Structure formats: C-alpha cells, structure tokens
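Report on the structure given below.
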Amino acid sequence: MAGIDKYPIIFLDRDGTIIVDKVYLNNPDEVEFIDGVIDGLKKLYDNGYKLVIVTNQSGVSRGKVSLDNLEKIHEKIKSILNAHGVSLFKIFYCPHLPEDNCECRKPKIGMVKEIENIINKEKSFVIGDKDSDIGFGKNLGIKTILLLPNEKNNESGTTEKPDFVVSSFYSAVEIVLHEYEKCNDGKDL
Ligand SMILES: [Mg+2]
Ligand SMILES: [Zn+2]
C-alpha cells in the first residue's frame, strides 16, 4: 500500500487526565501526574502508540498562564516521562477563549491538523475527562474514552456519548490494548 505511513496515536487530554487539574496551572513545579498514568503511558508507548497531548489552555488568554510557563510545564511533563522511558510525539495547545471561536479549541480539531494525515484512525483513541475531549475524538473520527474518576455519576452531565467510560487511566489503557489486539489480527501494523 503506497502513500503516507499512518500510526496508531493516543490523543491525551492534559488536565484531569494525565496530570492533576490545578486549574490554570502556571508553575512547572506543580506538575503532578495522576497515579497510574506514567505506567499506563509506558505501556502504550512500548506497544507502539504515538502519544500526543491536546490541551485547551484558555488561561493563556485570560492572563492566568504565561506562554513561557506553559512551555516550561510541557518541558517538565516531557522530562518526567523521558525519565521513565516514554517519549511524547507532540504536545498541542489552544491558548484561546471559548468566545474566540478559534479552529483549535477542543472539540474542534484544528490543533492536530498538521498530523491528521498520519493518523491511523481505526486504531487511534482519545482519552479525556470532558465532553470536549469526546467531541474532539468524534470530530476526528477516532474512538473515544471518557475518564470518570471517583465514580462521579456515570454520565456526569455529558452530552457526547463516548465509546467507552472508565474510572481509571489504566482501564483506558487496557481498552486501547484490547481493541488493538482485536483489530491487529496478527497482521503487521
Ligand atoms: Mg481535562
Ligand atoms: Zn484555539
């Protein structure tokens, strides 16, 4: 099959999905991975998935998060993961306000336009804790996993219907790997 190589990619929400949501986090020293996430990311990475963070950061436009600190926060996330043998493929963020109506704020998919042609959509997933993450996955045409920790009531007012609902990041990882086996069918990726 000629053409561009396509990869299974896991699109990860940042706040409340891989790191603790500190609300307009503006200090790299406060980066705190959620329990089990690093192990989960390692498992995905070791199984050949590319890992991409997609994060709405309206705190930038609100003046609560500086671009400089945002970069440092992302460097910190990368270096912690690197120390665990996990390499992130990309981190994309939207700095705009909801009312800016930009093309990049989730659930829109403008953030990932530059890599859209290398996504193997059959084998890719989004993992996130909000409606906008699920909407993003649907708009991109990939499978969606909603993370609802602490057994918040199972729909939590969400309007988007995810493909899967889980209570921990590790469960999300197991779904990804299980689906992967199902669609891998013994063939090469
Ligand atoms: Mg979130
Ligand atoms: Zn934007």
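Quick note on naming: the chains in the structure tokens go A, B, ... in the order shown, residues restart at 1 in each chain, and ligands are numbered from 1 in order of appearance.
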Residues of chain A within 9 Å of ligand 2: nearest atom pair and distance (Å, one decimal) for each, counting only C-alpha atoms and all ligand atoms, sorted by chain and number, as a Markdown table?
| residue | atom | partner | partner_atom_place_in_ligand_line | distance |
| --- | --- | --- | --- | --- |
| A:Asn56 | CA | ligand 2 | 1 (Zn) | 7.5 |
| A:Gln57 | CA | ligand 2 | 1 (Zn) | 8.5 |
| A:Ser58 | CA | ligand 2 | 1 (Zn) | 8.2 |
| A:Tyr93 | CA | ligand 2 | 1 (Zn) | 7.6 |
| A:Cys94 | CA | ligand 2 | 1 (Zn) | 4.0 |
| A:Pro95 | CA | ligand 2 | 1 (Zn) | 5.5 |
| A:His96 | CA | ligand 2 | 1 (Zn) | 4.4 |
| A:Leu97 | CA | ligand 2 | 1 (Zn) | 7.2 |
| A:Pro98 | CA | ligand 2 | 1 (Zn) | 8.1 |
| A:Asp100 | CA | ligand 2 | 1 (Zn) | 7.6 |
| A:Asn101 | CA | ligand 2 | 1 (Zn) | 7.4 |
| A:Cys102 | CA | ligand 2 | 1 (Zn) | 4.6 |
| A:Glu103 | CA | ligand 2 | 1 (Zn) | 5.7 |
| A:Cys104 | CA | ligand 2 | 1 (Zn) | 3.9 |
| A:Arg105 | CA | ligand 2 | 1 (Zn) | 4.3 |
| A:Lys106 | CA | ligand 2 | 1 (Zn) | 8.0 |
| A:Lys108 | CA | ligand 2 | 1 (Zn) | 8.8 |
| A:Gly110 | CA | ligand 2 | 1 (Zn) | 7.8 |
| A:Met111 | CA | ligand 2 | 1 (Zn) | 7.6 |
Practice problem: Residues up to 7 Å from ligand 1, counting only C-alpha atoms and all ligand atoms: could you list those as a VMD selection string? | Solution: chain A and resid 13 to 17 128 to 130
Practice problem: Write out as a PyMOL selection string the residues lying within 12 Å of stretch 116-118 of chain A, counting only C-alpha atoms and excluding same-chain residues fewer than 3 positions away. | Solution: chain A and resi 3-9+11+50+52+109-113+121-124+139-142
Can those selected residues be exported to a file as a compact mmCIF listing (two decimals), in the first residue's frame so that it contains N, CA and C atoms?
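The resulting selection.txt:
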# COMPACT_ATOMS: atom_id res chain seq x y z
N GLY A 3 1.84 5.37 -0.26
CA GLY A 3 1.31 6.56 0.40
C GLY A 3 1.97 6.83 1.72
N ILE A 4 1.34 7.69 2.47
CA ILE A 4 1.93 8.15 3.73
C ILE A 4 1.74 7.10 4.81
N ASP A 5 2.79 6.87 5.61
CA ASP A 5 2.66 5.96 6.74
C ASP A 5 1.68 6.53 7.76
N LYS A 6 0.88 5.64 8.29
CA LYS A 6 -0.08 6.06 9.31
C LYS A 6 0.20 5.31 10.60
N TYR A 7 -0.07 5.98 11.70
CA TYR A 7 0.28 5.43 13.01
C TYR A 7 -0.92 5.42 13.95
N PRO A 8 -0.96 4.42 14.83
CA PRO A 8 -1.94 4.50 15.91
C PRO A 8 -1.49 5.57 16.90
N ILE A 9 -2.35 6.49 17.17
CA ILE A 9 -2.00 7.61 18.04
C ILE A 9 -3.01 7.71 19.18
N PHE A 11 -4.49 10.30 21.66
CA PHE A 11 -4.62 11.72 21.97
C PHE A 11 -5.04 11.85 23.43
N LYS A 50 1.93 6.23 19.30
CA LYS A 50 2.44 7.59 19.46
C LYS A 50 1.53 8.32 20.44
N VAL A 52 0.18 11.86 22.02
CA VAL A 52 0.03 13.28 21.70
C VAL A 52 -0.87 13.93 22.75
N ILE A 109 -10.86 20.35 15.88
CA ILE A 109 -9.66 19.52 15.70
C ILE A 109 -8.50 20.26 15.03
N GLY A 110 -8.61 21.60 14.99
CA GLY A 110 -7.57 22.39 14.33
C GLY A 110 -6.17 22.16 14.91
N MET A 111 -6.09 21.84 16.22
CA MET A 111 -4.79 21.62 16.86
C MET A 111 -4.00 20.53 16.17
N VAL A 112 -4.69 19.52 15.66
CA VAL A 112 -3.96 18.35 15.15
C VAL A 112 -3.96 18.27 13.62
N LYS A 113 -4.37 19.36 12.98
CA LYS A 113 -4.44 19.36 11.51
C LYS A 113 -3.13 18.94 10.87
N LYS A 121 -6.79 6.12 11.84
CA LYS A 121 -7.99 6.44 12.63
C LYS A 121 -8.68 5.20 13.20
N GLU A 122 -8.50 4.08 12.55
CA GLU A 122 -9.08 2.83 13.06
C GLU A 122 -8.50 2.46 14.42
N LYS A 123 -7.22 2.77 14.59
CA LYS A 123 -6.50 2.29 15.76
C LYS A 123 -6.19 3.39 16.76
N SER A 124 -6.70 4.57 16.52
CA SER A 124 -6.38 5.69 17.40
C SER A 124 -7.54 6.00 18.35
N ASN A 139 -15.10 14.29 16.22
CA ASN A 139 -14.83 15.16 15.07
C ASN A 139 -13.63 14.67 14.27
N LEU A 140 -12.72 14.01 14.98
CA LEU A 140 -11.53 13.48 14.31
C LEU A 140 -11.79 12.11 13.69
N GLY A 141 -12.84 11.46 14.17
CA GLY A 141 -13.17 10.14 13.62
C GLY A 141 -12.38 9.00 14.24
N ILE A 142 -12.07 9.15 15.53
CA ILE A 142 -11.35 8.08 16.24
C ILE A 142 -12.20 7.62 17.43
Quiz item: Residues at most 8 Å from A:Gly40, counting only C-alpha atoms, excluding those fewer than 4 positions away in the same chain, as a list in words?
Solution: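 Answer for this query is Gly36, Leu44, Phe169, Tyr170 and Val173 of chain A.
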Exercise. Write out as number ranges by chain all residues of stretch 48-186 of chain A that DSSP puts in strand (DSSP E or B) for this structure's backbone.
Key: A: 50-56, 90-94, 119, 125-128, 143-147, 164-166
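Proximity of A:Asn27, A:Asn47, A:Ser61, A:Ser87 to A:Ile73, computed with only C-alpha atoms, is greatest for A:Asn27.
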Quiz item: Hey, what does DSSP flag as helix (DSSP H, G or I) within chain A? Can you give it to me as an NGL selection string?
Solution: :A and (28-30 or 37-46 or 67-83 or 98-100 or 110-118 or 131-140 or 149-151 or 169-184)
Write out, as a CSV table (one decimal), in the first residue's frame, the residues just selected, with C-alpha atoms.
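And here's out13.csv as it stands now:
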chain,number,residue,atom,x,y,z
A,28,PRO,CA,6.1,23.8,36.4
A,29,ASP,CA,7.0,22.7,39.9
A,30,GLU,CA,3.3,21.9,40.5
A,37,VAL,CA,-0.7,7.3,34.4
A,38,ILE,CA,3.0,7.1,33.9
A,39,ASP,CA,2.9,3.2,33.9
A,40,GLY,CA,-0.1,3.4,31.6
A,41,LEU,CA,1.7,5.7,29.2
A,42,LYS,CA,4.7,3.5,29.2
A,43,LYS,CA,2.6,0.5,28.3
A,44,LEU,CA,1.0,2.4,25.4
A,45,TYR,CA,4.4,3.7,24.3
A,46,ASP,CA,6.0,0.2,24.5
A,67,LEU,CA,3.3,31.2,27.5
A,68,ASP,CA,6.7,30.9,29.0
A,69,ASN,CA,5.4,28.9,31.9
A,70,LEU,CA,3.2,26.8,29.7
A,71,GLU,CA,6.3,25.8,27.7
A,72,LYS,CA,8.1,25.0,30.9
A,73,ILE,CA,5.2,22.9,32.2
A,74,HIS,CA,5.3,21.0,29.0
A,75,GLU,CA,9.0,20.5,29.2
A,76,LYS,CA,8.6,19.2,32.7
A,77,ILE,CA,5.9,16.7,31.6
A,78,LYS,CA,8.2,15.5,28.8
A,79,SER,CA,11.3,15.2,31.0
A,80,ILE,CA,9.4,13.2,33.7
A,81,LEU,CA,8.1,10.9,31.0
A,82,ASN,CA,11.6,10.6,29.4
A,83,ALA,CA,13.0,9.6,32.7
A,98,PRO,CA,-14.2,29.8,24.1
A,99,GLU,CA,-15.7,33.0,22.7
A,100,ASP,CA,-12.8,33.5,20.3
A,110,GLY,CA,-7.6,22.4,14.3
A,111,MET,CA,-4.8,21.6,16.9
A,112,VAL,CA,-4.0,18.3,15.1
A,113,LYS,CA,-4.4,19.4,11.5
A,114,GLU,CA,-0.7,19.2,10.8
A,115,ILE,CA,-0.6,15.5,11.8
A,116,GLU,CA,-4.1,14.4,10.6
A,117,ASN,CA,-2.7,12.7,7.5
A,118,ILE,CA,-0.6,10.3,9.6
A,131,ASP,CA,-17.3,16.4,26.8
A,132,SER,CA,-15.0,18.5,24.7
A,133,ASP,CA,-12.5,15.6,24.6
A,134,ILE,CA,-15.1,13.2,23.4
A,135,GLY,CA,-16.4,15.7,20.9
A,136,PHE,CA,-12.8,16.1,19.7
A,137,GLY,CA,-12.5,12.4,19.1
A,138,LYS,CA,-15.7,12.2,17.3
A,139,ASN,CA,-14.8,15.2,15.1
A,140,LEU,CA,-11.5,13.5,14.3
A,149,PRO,CA,-12.7,9.0,38.3
A,150,ASN,CA,-14.2,8.9,41.8
A,151,GLU,CA,-17.3,7.3,40.4
A,169,PHE,CA,-6.4,5.8,33.3
A,170,TYR,CA,-5.1,2.3,33.5
A,171,SER,CA,-8.5,0.9,32.5
A,172,ALA,CA,-8.4,3.2,29.5
A,173,VAL,CA,-5.0,1.7,28.6
A,174,GLU,CA,-6.4,-1.8,28.8
A,175,ILE,CA,-9.2,-0.9,26.5
A,176,VAL,CA,-6.8,0.5,24.0
A,177,LEU,CA,-4.6,-2.6,24.0
A,178,HIS,CA,-7.5,-5.0,23.9
A,179,GLU,CA,-9.0,-3.2,20.9
A,180,TYR,CA,-5.6,-3.1,19.3
A,181,GLU,CA,-5.3,-6.9,19.6
A,182,LYS,CA,-8.8,-7.2,18.1
A,183,CYS,CA,-8.0,-5.1,15.1
A,184,ASN,CA,-4.4,-6.1,14.7
Quiz prompt | Atom pair atom CA of A:Thr144 / atom CA of A:Val165: separation (Å) | solution =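 Computing the Euclidean distance for atom CA of A:Thr144 and atom CA of A:Val165 yields 8.6 Å.
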Practice problem: Just give me the gap between atom CA of A:Ile119 and atom CA of A:Leu12 in Å, one decimal is fine. | Solution: 14.2 Å
